[in-house]
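To start, the structure itself, in structure tokens.
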Amino acid sequence: MNRKNLGPLSGLRVLELATNVAGPFGGTLFAEFGAEVIKVEIPGTGDPARHFAPFYGGKSLTYAVLGRNKKSVTLDLRKTRGQELLKRLVKISDVLIENFRPGTMEKWGLGYDELKQANPGLIMVRVSGFGQEGPYKDRAAFDRVASGMGGLTYLTGYPESPPVRVGLNLCDEIAGLFSAFGAMVALYRRGYGDQKKGQWIDVSLCESILRMLEGVIAEYGKLGTIRERSGNLNEVVAPADNFLSRDGRWIVFVVTSDGLFQRFAKAIGREDLAQDSRFLKNLDRLKHRDALHEMIRPWFQERTVSEIDRIFGEKGIPYGLVYNARDICEDPQNQFRGNIVEVQDPDIGPIKMQNVTPRLSETPGKVRTSCPGLGEHNREIWGCLLGLTEGELEDLQKEGII
């Protein structure tokens, strides 16, 4: 088969020793673009994400998405024979992703200094809650902890209410993005360097979400201000809010420039707003945001979504709707673009899931398979790739190593 058809990363081998979401999401991104991602799991139970609700036919639907396009082998890294087998895999791999607590891999004799002896070109991605160094390095942390200590939770919710968690494992997934990006940077450097040397990459869940805080830290440093929760409002531009239509749909609307506000005022037949001294400039609109929102809210409430769509479409006014899962699947833009794909799972049949992004014009990624069964590829990897005999595989299985 033409390697181009397998994806731009075809020929790249990634070992995924990670569990739950953060590390595995980085592995999924590699797999979507053609890398061979071998997920190494503890025998018997596998990745805890396999047991995330909800289930269909006994299979986690969350894991069906998170584990797509990967191969699964079982291996007990706590045992000497398991450590030896991993080192043999490392010799013929490009990237290793792990998210054990800092020091765990070293305790098993599998730290970067040991593994680079087996493969000097290895790129090792190390994902943890707070990083590999520092006073918090030994603390366990999951997405909710990182969201809190990375600053996201404090900003989420309404001013009069306690801070709340966002509705997804966003910190985990952003850390996964940084993991994949960091590994690709290291691979680029290795590919164009003279010595073809590898390196290790330190990815912290907290630092990943911290990096996404826009100007929050700069505001505190120069102005001494702490950005607070603002609900649906935007502290940078106005108007910006969710407005209810006559037919009960939430309209997502924001104005990002003075010129756009002029067009908006004209589109809704309120040219007077464009001449009002309180609303001429964005800073003026921010100062009088509450009054402005109350003046335009009735316009939305008196019109259906189709009416709003026609008026805004004619005037080039950007807006959107608040979508749930059904809305996403039924949306004509998503259907046209193929943003939702149906993947055949051998156990539970077809599963809808989100497609690959970003889209590459010449070498696009692809969702080829649902998640593998636990240890599904043991014979392929331990037998065909590493050359272990059937007898050796049986012995390893009896000893609980695979």
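By convention here, the chains of the structure tokens are called A, B, ... in the order presented, each chain's residues are numbered starting at 1, and ligands are numbered starting at 1 in the order presented.
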
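Residues lying within 12 Å of Gly157 (chain A), counting only C-alpha atoms and ignoring same-chain neighbours fewer than 2 positions away, are Leu152, Thr153, Tyr154, Leu155, Pro159, Glu160, Ser161, Pro162, Pro163, Val164, Arg165, Val166, Gly167, Glu228, Arg229, Ser230, Gly231, Asn232 and Leu233 of chain A.
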
Can those selected residues be exported to a file as a short mmCIF file (atom, residue, chain, number, x, y, z; two decimals), in the first residue's frame so that it contains N, CA and C atoms?
data_model
loop_
_atom_site.label_atom_id
_atom_site.label_comp_id
_atom_site.auth_asym_id
_atom_site.auth_seq_id
_atom_site.Cartn_x
_atom_site.Cartn_y
_atom_site.Cartn_z
N LEU A 152 -8.06 28.19 35.29
CA LEU A 152 -9.26 28.15 34.46
C LEU A 152 -10.54 28.13 35.30
N THR A 153 -10.57 27.33 36.35
CA THR A 153 -11.79 27.20 37.15
C THR A 153 -12.20 28.53 37.76
N TYR A 154 -11.22 29.31 38.22
CA TYR A 154 -11.53 30.60 38.84
C TYR A 154 -12.28 31.52 37.88
N LEU A 155 -12.00 31.39 36.60
CA LEU A 155 -12.59 32.27 35.60
C LEU A 155 -13.91 31.75 35.04
N PRO A 159 -20.24 35.81 38.22
CA PRO A 159 -19.60 36.54 39.33
C PRO A 159 -20.22 36.26 40.69
N GLU A 160 -21.53 36.08 40.71
CA GLU A 160 -22.23 35.90 41.98
C GLU A 160 -22.23 34.45 42.45
N SER A 161 -21.63 33.54 41.68
CA SER A 161 -21.65 32.12 42.01
C SER A 161 -20.23 31.58 42.20
N PRO A 162 -20.10 30.43 42.87
CA PRO A 162 -18.78 29.82 43.05
C PRO A 162 -18.18 29.42 41.70
N PRO A 163 -16.86 29.31 41.62
CA PRO A 163 -16.23 28.85 40.38
C PRO A 163 -16.67 27.43 40.06
N VAL A 164 -16.75 27.12 38.77
CA VAL A 164 -17.19 25.79 38.33
C VAL A 164 -16.21 25.22 37.31
N ARG A 165 -16.26 23.91 37.17
CA ARG A 165 -15.44 23.21 36.19
C ARG A 165 -16.09 23.33 34.81
N VAL A 166 -15.29 23.45 33.76
CA VAL A 166 -15.84 23.39 32.41
C VAL A 166 -16.32 21.98 32.14
N GLY A 167 -17.14 21.80 31.11
CA GLY A 167 -17.83 20.53 30.91
C GLY A 167 -17.03 19.42 30.26
N GLU A 228 -11.87 38.42 36.95
CA GLU A 228 -12.90 37.67 37.67
C GLU A 228 -13.83 36.94 36.70
N ARG A 229 -14.68 36.12 37.25
CA ARG A 229 -15.68 35.42 36.44
C ARG A 229 -16.65 36.42 35.85
N SER A 230 -17.04 36.17 34.61
CA SER A 230 -17.94 37.11 33.93
C SER A 230 -19.08 36.40 33.22
N GLY A 231 -19.27 35.10 33.50
CA GLY A 231 -20.37 34.38 32.87
C GLY A 231 -20.25 34.39 31.36
N ASN A 232 -21.34 34.77 30.68
CA ASN A 232 -21.33 34.82 29.22
C ASN A 232 -20.72 36.10 28.67
N LEU A 233 -20.42 37.03 29.55
CA LEU A 233 -19.91 38.32 29.10
C LEU A 233 -18.44 38.20 28.72
#

>> Using only C-alpha atoms, which protein or nucleic acid residues come within 6 Å of region 102-105 of chain A? Drop anything in the same chain fewer than 5 positions from it, and give the result as an MDAnalysis selection string.
In response: chainID A and resid 110:111 132

Dump C-alpha atoms for the selected residues as an mmCIF file, in the first residue's frame?
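This went into part23.cif:
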data_model
loop_
_atom_site.group_PDB
_atom_site.id
_atom_site.type_symbol
_atom_site.label_atom_id
_atom_site.label_comp_id
_atom_site.auth_asym_id
_atom_site.auth_seq_id
_atom_site.Cartn_x
_atom_site.Cartn_y
_atom_site.Cartn_z
ATOM 1 C CA LEU A 110 13.128 3.081 32.381
ATOM 2 C CA GLY A 111 14.042 6.748 32.796
ATOM 3 C CA GLN A 132 9.126 16.699 36.465
#

>> Can you pull out the residues contacting region 40-42 of chain A? Cut-off 7 Å, using only C-alpha atoms, and skip same-chain residues under 4 positions away; I want them as JSON, numbers by chain.
In response: {"A": [16, 17, 46, 47, 72, 73, 74, 75, 76]}

With C-alpha atoms retained, write the just-selected residues as a PDB file, in the first residue's frame.
ATOM      1  CA  GLU A  16       2.095   5.057  24.444  1.00  0.00           C
ATOM      2  CA  LEU A  17       2.616   4.146  28.090  1.00  0.00           C
ATOM      3  CA  GLY A  46      -5.651  -2.038  30.883  1.00  0.00           C
ATOM      4  CA  ASP A  47      -6.029   1.719  30.764  1.00  0.00           C
ATOM      5  CA  SER A  72      -2.811  -2.520  22.107  1.00  0.00           C
ATOM      6  CA  VAL A  73      -0.285  -4.754  23.830  1.00  0.00           C
ATOM      7  CA  THR A  74      -0.153  -5.784  27.464  1.00  0.00           C
ATOM      8  CA  LEU A  75       3.040  -5.582  29.512  1.00  0.00           C
ATOM      9  CA  ASP A  76       3.795  -5.400  33.227  1.00  0.00           C
TER      10      ASP A  76
END

> Leaving out Arg126 (chain A) and any residue of its chain fewer than 4 positions from it, which residues lie within 7 Å of it when counting only C-alpha atoms, given as a ChimeraX atom specification?
Replying inline: /A:97-99,201-203

Print the selection's residues with C-alpha atoms to a file, as a PDB file, in the first residue's frame.
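New file part-v5.pdb:
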ATOM      1  CA  ILE A  97       4.689   9.024  25.734  1.00  0.00           C
ATOM      2  CA  GLU A  98       4.259   8.359  29.465  1.00  0.00           C
ATOM      3  CA  ASN A  99       2.285  10.002  32.247  1.00  0.00           C
ATOM      4  CA  ILE A 201       9.844  16.752  26.779  1.00  0.00           C
ATOM      5  CA  ASP A 202       8.301  17.921  30.052  1.00  0.00           C
ATOM      6  CA  VAL A 203       4.541  18.571  29.765  1.00  0.00           C
TER       7      VAL A 203
END

>> Calculated over only C-alpha atoms, which of the candidates A:Asp94, A:Glu392, A:Glu399, A:Glu314 has the smallest distance to Ala118 (chain A)?
In response: A:Asp94

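The two atoms in question, CA of Asp347 (chain A) and CA of Ile381 (chain A), are spaced 22.2 Å apart.
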
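With only C-alpha atoms as the atoms that count, the residue of A:Lys222, A:Arg227, A:Lys70, A:Lys315 with the shortest distance to Ala267 (chain A) is A:Lys315.
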
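Taking only C-alpha atoms into account, Val356 (chain A) lies nearest to A:Thr28 out of the set A:Thr19, A:Thr80, A:Thr28, A:Gln117.
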
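Running DSSP on the backbone and keeping only strand (DSSP E), the residues of region 5-150 of chain A that qualify are Arg13, Val14, Leu15, Glu16, Glu36, Val37, Ile38, Lys39, Val40, Glu41, Phe55, Tyr56, Lys59, Ser60, Lys71, Ser72, Val73, Thr74, Val95, Leu96, Ile97, Glu98, Ile123, Met124, Val125, Arg126, Val127 and Ser128 of chain A.
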
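Nearest residue to Ile402 (chain A) among A:Arg144, A:His377, A:Arg101, A:His51 is A:His377, counting only C-alpha atoms.
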
What's around Tyr319 (chain A) at 12 Å? Count only C-alpha atoms, leave out sequence neighbours fewer than 6 positions away in its own chain, and write the answer as a compact mmCIF listing (two decimals) with C-alpha atoms, in the first residue's frame.
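What ended up in part29.txt:
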# COMPACT_ATOMS: atom_id res chain seq x y z
CA ALA A 240 -21.09 39.91 23.68
CA ASP A 241 -23.61 37.51 25.20
CA ASN A 242 -26.06 34.70 24.50
CA PHE A 243 -29.46 36.02 23.48
CA TRP A 250 -29.81 30.61 22.27
CA ILE A 251 -28.01 32.93 19.87
CA VAL A 252 -24.25 33.34 20.38
CA PHE A 253 -23.35 36.88 19.42
CA VAL A 254 -20.29 39.12 19.74
CA VAL A 255 -19.12 42.37 18.16
CA THR A 256 -15.34 42.65 17.83
CA LEU A 260 -19.01 45.76 12.89
CA PHE A 264 -25.08 45.56 13.41
CA PHE A 300 -33.57 38.86 19.43
CA VAL A 305 -33.65 31.91 14.28
CA ILE A 308 -32.15 36.39 12.47
CA ASP A 309 -30.22 34.23 10.01
CA ARG A 310 -31.69 36.06 7.02
CA ILE A 311 -31.05 39.55 8.42
CA PHE A 312 -27.54 38.85 9.67
CA GLY A 313 -26.67 36.91 6.53
